[in-house]
file structure-v3.csv (CSV, C-alpha atoms)
chain,number,residue,atom,x,y,z
Q,7,MET,CA,-18.2,-63.1,-90.1
Q,8,SER,CA,-17.0,-63.3,-86.5
Q,9,ILE,CA,-19.5,-63.1,-83.6
Q,10,PHE,CA,-18.4,-60.9,-80.6
Q,11,PRO,CA,-20.3,-61.8,-77.4
Q,12,HIS,CA,-20.6,-59.1,-74.6
Q,13,VAL,CA,-21.8,-59.8,-71.1
Q,14,VAL,CA,-23.1,-56.5,-69.8
Q,15,ASP,CA,-25.2,-54.9,-67.1
Q,16,SER,CA,-28.7,-53.6,-68.0
Q,17,ARG,CA,-27.4,-50.0,-67.9
Q,18,TYR,CA,-24.4,-50.6,-70.2
Q,19,ILE,CA,-26.2,-49.8,-73.5
Q,20,GLU,CA,-27.6,-46.5,-72.1
Q,21,THR,CA,-24.3,-45.6,-70.5
Q,22,MET,CA,-22.3,-46.1,-73.7
Q,23,LYS,CA,-25.0,-44.3,-75.6
Q,24,ILE,CA,-25.4,-47.2,-78.0
Q,25,PRO,CA,-28.7,-46.5,-80.0
Q,26,LEU,CA,-31.6,-48.8,-79.4
Q,27,LEU,CA,-33.1,-49.4,-82.9
Q,28,ALA,CA,-35.9,-51.8,-82.1
Q,29,GLY,CA,-37.4,-53.7,-79.1
Q,30,ARG,CA,-36.3,-53.1,-75.5
Q,31,ASN,CA,-33.1,-52.7,-73.6
Q,32,LEU,CA,-31.8,-55.3,-71.1
Q,33,ALA,CA,-33.7,-55.0,-67.8
Q,34,ILE,CA,-32.6,-55.2,-64.2
Q,35,ASP,CA,-34.9,-58.2,-63.8
Q,36,ASP,CA,-33.3,-60.2,-66.7
Q,37,ASP,CA,-31.8,-62.7,-64.2
Q,38,ARG,CA,-31.5,-66.5,-63.8
Q,39,ASP,CA,-35.2,-66.8,-62.9
Q,40,SER,CA,-36.4,-65.1,-66.1
Q,41,GLU,CA,-36.3,-66.1,-69.7
Q,42,GLN,CA,-32.8,-65.9,-71.3
Q,43,VAL,CA,-32.6,-62.9,-73.5
Q,44,VAL,CA,-30.1,-61.1,-75.7
Q,45,LEU,CA,-29.6,-57.9,-77.7
Q,46,ILE,CA,-28.0,-58.1,-81.2
Q,47,ASN,CA,-26.6,-55.4,-83.4
Q,48,ASP,CA,-28.2,-54.1,-86.6
Q,49,LEU,CA,-25.7,-56.0,-88.9
Q,50,ALA,CA,-26.4,-59.3,-87.2
Q,51,ALA,CA,-30.2,-58.7,-87.4
Q,52,LYS,CA,-30.1,-57.9,-91.1
Q,53,THR,CA,-27.7,-60.8,-91.9
Q,54,ILE,CA,-29.0,-63.6,-89.7
Q,55,PHE,CA,-32.6,-62.8,-90.2
Q,56,PRO,CA,-32.9,-61.2,-93.6
Q,57,GLY,CA,-36.4,-59.9,-94.4
Q,58,GLN,CA,-37.6,-60.9,-91.0
Q,59,ASP,CA,-38.4,-59.2,-87.8
Q,60,PRO,CA,-35.4,-60.1,-85.5
Q,61,LEU,CA,-37.5,-59.5,-82.3
Q,62,GLY,CA,-38.7,-62.8,-80.9
Q,63,GLN,CA,-36.1,-64.8,-82.8
Q,64,ILE,CA,-33.9,-67.3,-81.0
Q,65,ILE,CA,-30.1,-67.2,-80.8
Q,66,LEU,CA,-28.3,-70.4,-79.7
Q,67,SER,CA,-25.2,-70.3,-77.5
Q,68,GLY,CA,-23.3,-72.7,-75.3
Q,69,SER,CA,-25.7,-71.8,-72.5
Q,70,GLY,CA,-28.9,-72.5,-74.4
Q,71,GLU,CA,-31.5,-70.6,-76.3
Q,72,HIS,CA,-31.8,-66.8,-76.0
Q,73,LEU,CA,-34.7,-64.7,-77.1
Q,74,VAL,CA,-33.8,-61.6,-79.1
Q,75,VAL,CA,-35.6,-58.7,-77.4
Q,76,GLY,CA,-33.8,-55.7,-78.9
Q,77,VAL,CA,-31.6,-54.5,-81.8
Q,78,VAL,CA,-28.9,-51.9,-81.2
Q,79,GLY,CA,-26.6,-49.9,-83.4
Q,80,ASP,CA,-23.3,-51.2,-84.9
Q,81,LEU,CA,-20.0,-50.3,-83.1
Q,82,ARG,CA,-16.4,-50.8,-84.2
Q,83,HIS,CA,-15.0,-52.7,-81.2
Q,84,GLN,CA,-11.7,-53.8,-82.7
Q,85,SER,CA,-10.4,-50.9,-84.9
Q,86,LEU,CA,-11.6,-48.2,-87.3
Q,87,GLU,CA,-10.5,-50.3,-90.2
Q,88,LEU,CA,-12.7,-53.3,-89.3
Q,89,GLY,CA,-16.4,-53.4,-89.4
Q,90,SER,CA,-18.6,-54.1,-86.4
Q,91,GLY,CA,-19.1,-57.8,-87.0
Q,92,PHE,CA,-22.0,-59.6,-85.3
Q,93,GLN,CA,-22.4,-58.2,-81.7
Q,94,VAL,CA,-24.5,-60.1,-79.2
Q,95,TYR,CA,-25.1,-58.6,-75.7
Q,96,PHE,CA,-26.0,-61.0,-72.9
Q,97,PRO,CA,-27.3,-59.8,-69.5
Q,98,TYR,CA,-24.6,-60.7,-66.9
Q,99,LYS,CA,-27.1,-61.8,-64.4
Q,100,GLN,CA,-28.1,-64.7,-66.6
Q,101,MET,CA,-24.5,-65.8,-67.2
Q,102,GLY,CA,-21.9,-67.6,-65.1
Q,103,ASP,CA,-19.4,-66.1,-62.7
Q,104,PHE,CA,-16.6,-64.0,-64.1
Q,105,SER,CA,-13.1,-63.5,-62.6
Q,106,THR,CA,-12.8,-60.1,-64.3
Q,107,LEU,CA,-15.3,-57.3,-64.9
Q,108,GLU,CA,-14.9,-53.8,-66.3
Q,109,MET,CA,-17.1,-51.0,-65.1
Q,110,VAL,CA,-18.1,-48.0,-67.3
Q,111,VAL,CA,-18.8,-44.7,-65.7
Q,112,ARG,CA,-20.3,-41.7,-67.5
Q,113,SER,CA,-20.0,-38.3,-65.8
Q,114,PRO,CA,-19.7,-34.7,-66.8
Q,115,LEU,CA,-16.8,-34.4,-64.3
Q,116,PRO,CA,-13.2,-34.9,-65.3
Q,117,ALA,CA,-11.8,-38.4,-64.9
Q,118,ALA,CA,-9.3,-37.3,-62.3
Q,119,THR,CA,-12.2,-36.0,-60.2
Q,120,ILE,CA,-14.6,-38.9,-60.5
Q,121,ALA,CA,-12.0,-41.7,-60.2
Q,122,PRO,CA,-11.3,-41.4,-56.4
Q,123,ALA,CA,-15.1,-41.4,-55.6
Q,124,VAL,CA,-15.6,-44.5,-57.7
Q,125,SER,CA,-12.6,-46.2,-56.2
Q,126,ALA,CA,-13.9,-45.5,-52.7
Q,127,ALA,CA,-17.4,-46.8,-53.5
Q,128,LEU,CA,-15.9,-50.0,-54.9
Q,129,LYS,CA,-13.7,-50.5,-51.8
Q,130,GLU,CA,-16.8,-50.4,-49.7
Q,131,LEU,CA,-18.3,-53.3,-51.7
Q,132,ASP,CA,-15.1,-55.3,-51.7
Q,133,PRO,CA,-11.9,-54.0,-50.0
Q,134,ALA,CA,-9.8,-56.6,-51.9
Q,135,MET,CA,-11.0,-55.4,-55.3
Q,136,PRO,CA,-8.4,-53.6,-57.4
Q,137,THR,CA,-9.6,-50.0,-58.0
Q,138,GLN,CA,-6.7,-48.1,-59.4
Q,139,ASP,CA,-6.8,-49.1,-63.1
Q,140,PHE,CA,-8.8,-46.3,-64.7
Q,141,TRP,CA,-8.7,-45.0,-68.3
Q,142,THR,CA,-11.0,-42.8,-70.3
Q,143,LEU,CA,-12.8,-43.6,-73.5
Q,144,THR,CA,-11.1,-40.5,-75.1
Q,145,ALA,CA,-7.7,-42.0,-74.4
Q,146,THR,CA,-8.8,-45.3,-76.0
Q,147,VAL,CA,-9.9,-43.4,-79.1
Q,148,ASP,CA,-6.7,-41.3,-79.2
Q,149,GLN,CA,-4.7,-44.5,-79.1
Q,150,ALA,CA,-6.7,-46.0,-82.0
Q,151,VAL,CA,-6.2,-42.9,-84.2
Q,152,SER,CA,-2.6,-42.2,-83.2
Q,153,ALA,CA,-1.1,-43.7,-86.3
Q,154,ARG,CA,-3.3,-41.6,-88.5
Q,155,ARG,CA,-2.5,-38.5,-86.6
Q,156,PHE,CA,1.2,-39.2,-87.0
Q,157,ALA,CA,0.8,-39.8,-90.7
Q,158,LEU,CA,-1.2,-36.5,-91.1
Q,159,SER,CA,1.4,-34.6,-89.0
Q,160,LEU,CA,4.2,-36.0,-91.2
Q,161,LEU,CA,2.3,-35.0,-94.4
Q,162,GLY,CA,1.8,-31.6,-92.9
Q,163,ALA,CA,5.5,-31.3,-92.2
Q,164,PHE,CA,6.4,-32.3,-95.7
Q,165,ALA,CA,3.8,-29.8,-97.0
Q,166,GLY,CA,5.4,-27.1,-94.9
Q,167,VAL,CA,8.9,-28.0,-96.2
Q,168,ALA,CA,7.6,-27.9,-99.8
Q,169,LEU,CA,6.1,-24.5,-99.2
Q,170,LEU,CA,9.4,-23.3,-97.9
Q,171,LEU,CA,11.2,-24.6,-100.9
Q,172,VAL,CA,8.8,-22.9,-103.3
Q,173,GLY,CA,9.3,-19.7,-101.4
Q,174,VAL,CA,13.1,-20.1,-101.6
Q,175,ARG,CA,12.9,-20.9,-105.3
Q,176,MET,CA,10.7,-17.9,-106.1
Q,177,ALA,CA,12.9,-15.7,-103.9
Q,178,LEU,CA,15.9,-16.7,-106.0
Q,179,GLY,CA,14.2,-15.6,-109.2
Q,180,ALA,CA,12.0,-18.5,-110.4
Q,181,SER,CA,8.9,-17.3,-112.2
Q,182,ALA,CA,5.4,-18.5,-111.6
Q,183,GLN,CA,5.5,-20.4,-114.9
Q,184,ASP,CA,8.7,-22.2,-113.9
Q,185,VAL,CA,7.2,-23.3,-110.6
Q,186,ARG,CA,4.0,-24.6,-112.4
Q,187,GLN,CA,6.0,-26.5,-115.0
Q,188,GLN,CA,8.3,-28.0,-112.4
Q,189,VAL,CA,5.4,-29.3,-110.1
Q,190,VAL,CA,3.3,-30.6,-113.0
Q,191,GLY,CA,6.4,-32.1,-114.7
Q,192,ARG,CA,7.5,-34.0,-111.7
Q,193,THR,CA,4.0,-35.2,-111.0
Q,194,LEU,CA,3.7,-36.6,-114.6
Q,195,ILE,CA,7.1,-38.2,-114.4
Q,196,LEU,CA,6.1,-40.1,-111.3
Q,197,THR,CA,2.8,-41.0,-112.8
Q,198,LEU,CA,4.3,-42.4,-116.0
Q,199,VAL,CA,6.9,-44.4,-114.0
Q,200,GLY,CA,4.0,-45.8,-111.9
Q,201,ILE,CA,2.0,-46.7,-115.0
Q,202,ALA,CA,5.0,-48.5,-116.6
Q,203,ILE,CA,5.6,-50.6,-113.4
Q,204,GLY,CA,1.9,-51.2,-112.8
Q,205,GLY,CA,1.4,-52.2,-116.4
Q,206,MET,CA,4.1,-54.8,-116.3
Q,207,VAL,CA,2.8,-56.2,-113.0
Q,208,SER,CA,-0.8,-56.2,-114.4
Q,209,VAL,CA,0.1,-58.2,-117.4
Q,210,VAL,CA,1.4,-60.9,-115.1
Q,211,GLY,CA,-1.3,-60.6,-112.5
Q,212,THR,CA,-4.2,-60.6,-114.9
Q,213,ARG,CA,-3.1,-63.9,-116.4
Q,214,LEU,CA,-3.5,-65.4,-113.0
Q,215,LEU,CA,-7.0,-63.8,-112.6
Q,216,GLY,CA,-8.2,-64.6,-116.1
Q,217,ALA,CA,-10.7,-67.1,-114.8
Q,218,LEU,CA,-12.4,-64.4,-112.8
Q,219,LEU,CA,-12.8,-61.9,-115.6
Q,220,PHE,CA,-16.0,-61.7,-117.6
Q,221,GLY,CA,-16.2,-60.1,-121.1
Q,222,VAL,CA,-12.6,-58.8,-120.8
Q,223,GLU,CA,-9.4,-60.4,-122.0
Q,224,PRO,CA,-6.6,-60.5,-119.4
Q,225,THR,CA,-4.5,-58.3,-121.7
Q,226,ASP,CA,-7.2,-56.2,-123.3
Q,227,PRO,CA,-5.4,-53.2,-124.8
Q,228,ALA,CA,-8.4,-50.9,-124.6
Q,229,THR,CA,-8.7,-51.4,-120.9
Q,230,PHE,CA,-5.0,-50.7,-120.3
Q,231,VAL,CA,-5.0,-47.6,-122.5
Q,232,ALA,CA,-8.2,-46.3,-120.8
Q,233,VAL,CA,-6.8,-46.8,-117.3
Q,234,ALA,CA,-3.5,-45.2,-118.2
Q,235,THR,CA,-5.3,-42.2,-119.8
Q,236,ILE,CA,-7.5,-41.7,-116.8
Q,237,LEU,CA,-4.4,-41.9,-114.5
Q,238,VAL,CA,-2.5,-39.3,-116.6
Q,239,LEU,CA,-5.5,-36.9,-116.6
Q,240,VAL,CA,-6.1,-37.3,-112.8
Q,241,ALA,CA,-2.3,-36.8,-112.2
Q,242,THR,CA,-2.2,-33.7,-114.4
Q,243,ILE,CA,-5.2,-32.1,-112.6
Q,244,SER,CA,-4.0,-33.1,-109.2
Q,245,GLY,CA,-0.6,-31.6,-110.0
Q,246,LEU,CA,-1.8,-28.5,-111.7
Q,247,ILE,CA,-4.0,-27.3,-108.8
Q,248,PRO,CA,-1.2,-27.2,-106.2
Q,249,ALA,CA,1.1,-25.9,-108.8
Q,250,ILE,CA,-1.1,-22.9,-109.5
Q,251,ARG,CA,-1.5,-22.3,-105.7
Q,252,ALA,CA,2.3,-22.6,-105.2
Q,253,SER,CA,3.0,-20.2,-108.0
Q,254,ARG,CA,0.8,-17.6,-106.4
Q,255,THR,CA,2.7,-18.0,-103.1
Q,256,ASP,CA,4.3,-14.8,-101.8
Q,257,SER,CA,7.9,-15.7,-101.4
Q,258,ALA,CA,8.4,-13.5,-98.4
Q,259,ALA,CA,5.4,-15.1,-96.6
Q,260,ALA,CA,6.6,-18.6,-97.4
Q,261,MET,CA,10.0,-17.8,-95.9
Q,262,ARG,CA,8.3,-16.5,-92.8
Q,263,VAL,CA,6.2,-19.7,-92.5
Q,264,GLY,CA,9.3,-21.8,-92.8

call {"tool": "encode", "arguments": {"input": "structure-v3.csv", "output": "structure tokens"}}
result
Amino acid sequence: MSIFPHVVDSRYIETMKIPLLAGRNLAIDDDRDSEQVVLINDLAAKTIFPGQDPLGQIILSGSGEHLVVGVVGDLRHQSLELGSGFQVYFPYKQMGDFSTLEMVVRSPLPAATIAPAVSAALKELDPAMPTQDFWTLTATVDQAVSARRFALSLLGAFAGVALLLVGVRMALGASAQDVRQQVVGRTLILTLVGIAIGGMVSVVGTRLLGALLFGVEPTDPATFVAVATILVLVATISGLIPAIRASRTDSAAAMRVG
């Protein structure tokens, strides 16, 4: 499990609305003159200190020992597919100098409205500081889910085309029974082809994994038959439901949708 260190201001947790589950938040007086402290996320607390109270425990880092003073919620910092991992939050006043910092601003105002004011305030502190690189958390999330949205849009487009084809077929005289038989039939054909290919691959693959199986032979016929039967039943049901809906489609309405 990877450990992700974060060097943050005492107001970061509150600004990002990360839930504080136990202990206290980082404080403004957590500086070089005070005891070195950290926050850890819930996953790290339960994994590193199982069955123990994580508050008061010690975390070791390159800069020495750090007292755990709080536990916060888990966040997915990398992607939606990957878990949170172990998150450790260090107060930046207790760490060394950094050449790059990122500031988080929460405001009910639109980003285009608040950005100039924030930029002006930063320039007053340091005129040489770059202040034009702003982005919203919403944009970050949109970028993270863009691939999923594209896939769903593509599936929606295919579904629309399928609906149009059903409407065309029924408009040309196909009965509801014909439509049901065609949809279910094609679903079963694809399923049987998949079972045949998967069965051949499984026979080879299970021989390689034989040492990991317990109580089941690598080529146990009952297991193969049971899995194939379940797949056929699931495919039949999953094909029958849209087939019934498609057969009830008003052909004129489907043509208008297309």

call {"tool": "closest_atom_pairs", "arguments": {"input": "structure-v3.csv", "of": "stretch 7-53 of chain Q", "to": "stretch 60-69 of chain Q", "cutoff": "9 Å", "atoms": "only C-alpha atoms", "output": "CSV"}}
result
residue,atom,partner,partner_atom,distance
Q:Ala28,CA,Q:Leu61,CA,7.9
Q:Gly29,CA,Q:Leu61,CA,6.6
Q:Val43,CA,Q:Ile64,CA,8.8
Q:Val44,CA,Q:Ile65,CA,8.0
Q:Ile46,CA,Q:Pro60,CA,8.8
Q:Ala51,CA,Q:Pro60,CA,5.7
Q:Lys52,CA,Q:Pro60,CA,8.0

call {"tool": "residues_near_point", "arguments": {"input": "structure-v3.csv", "point": "(-22.4, -57.1, -75.1)", "cutoff": "9 Å", "atoms": "all atoms listed in the file", "output": "short mmCIF file (atom, residue, chain, number, x, y, z; two decimals) with C-alpha atoms, keeping the file's coordinate frame"}}
result
data_model
loop_
_atom_site.label_atom_id
_atom_site.label_comp_id
_atom_site.auth_asym_id
_atom_site.auth_seq_id
_atom_site.Cartn_x
_atom_site.Cartn_y
_atom_site.Cartn_z
CA PHE Q 10 -18.40 -60.90 -80.60
CA PRO Q 11 -20.30 -61.80 -77.40
CA HIS Q 12 -20.60 -59.10 -74.60
CA VAL Q 13 -21.80 -59.80 -71.10
CA VAL Q 14 -23.10 -56.50 -69.80
CA ASP Q 15 -25.20 -54.90 -67.10
CA TYR Q 18 -24.40 -50.60 -70.20
CA ILE Q 19 -26.20 -49.80 -73.50
CA VAL Q 44 -30.10 -61.10 -75.70
CA LEU Q 45 -29.60 -57.90 -77.70
CA ILE Q 46 -28.00 -58.10 -81.20
CA GLN Q 93 -22.40 -58.20 -81.70
CA VAL Q 94 -24.50 -60.10 -79.20
CA TYR Q 95 -25.10 -58.60 -75.70
CA PHE Q 96 -26.00 -61.00 -72.90
CA PRO Q 97 -27.30 -59.80 -69.50
#

call {"tool": "atom_distance", "arguments": {"input": "structure-v3.csv", "atom1": "atom CA of Q:Leu239", "atom2": "atom CA of Q:Gly200"}}
result
13.8 Å

call {"tool": "residues_around", "arguments": {"input": "structure-v3.csv", "residues": "stretch 122-136 of chain Q", "least_positions_apart": "4", "cutoff": "12 Å", "atoms": "all atoms listed in the file", "output": "list in words"}}
result
Ser105, Thr106, Leu107, Glu108, Met109, Val110, Val111, Arg112, Ser113, Leu115, Pro116, Ala117, Ala118 and Phe140 of chain Q

call {"tool": "closest_residue", "arguments": {"input": "structure-v3.csv", "among": "Q:Ala228, Q:Ala33, Q:Leu198, Q:Ala145", "to": "Q:Gln100", "atoms": "all atoms listed in the file"}}
result
Q:Ala33
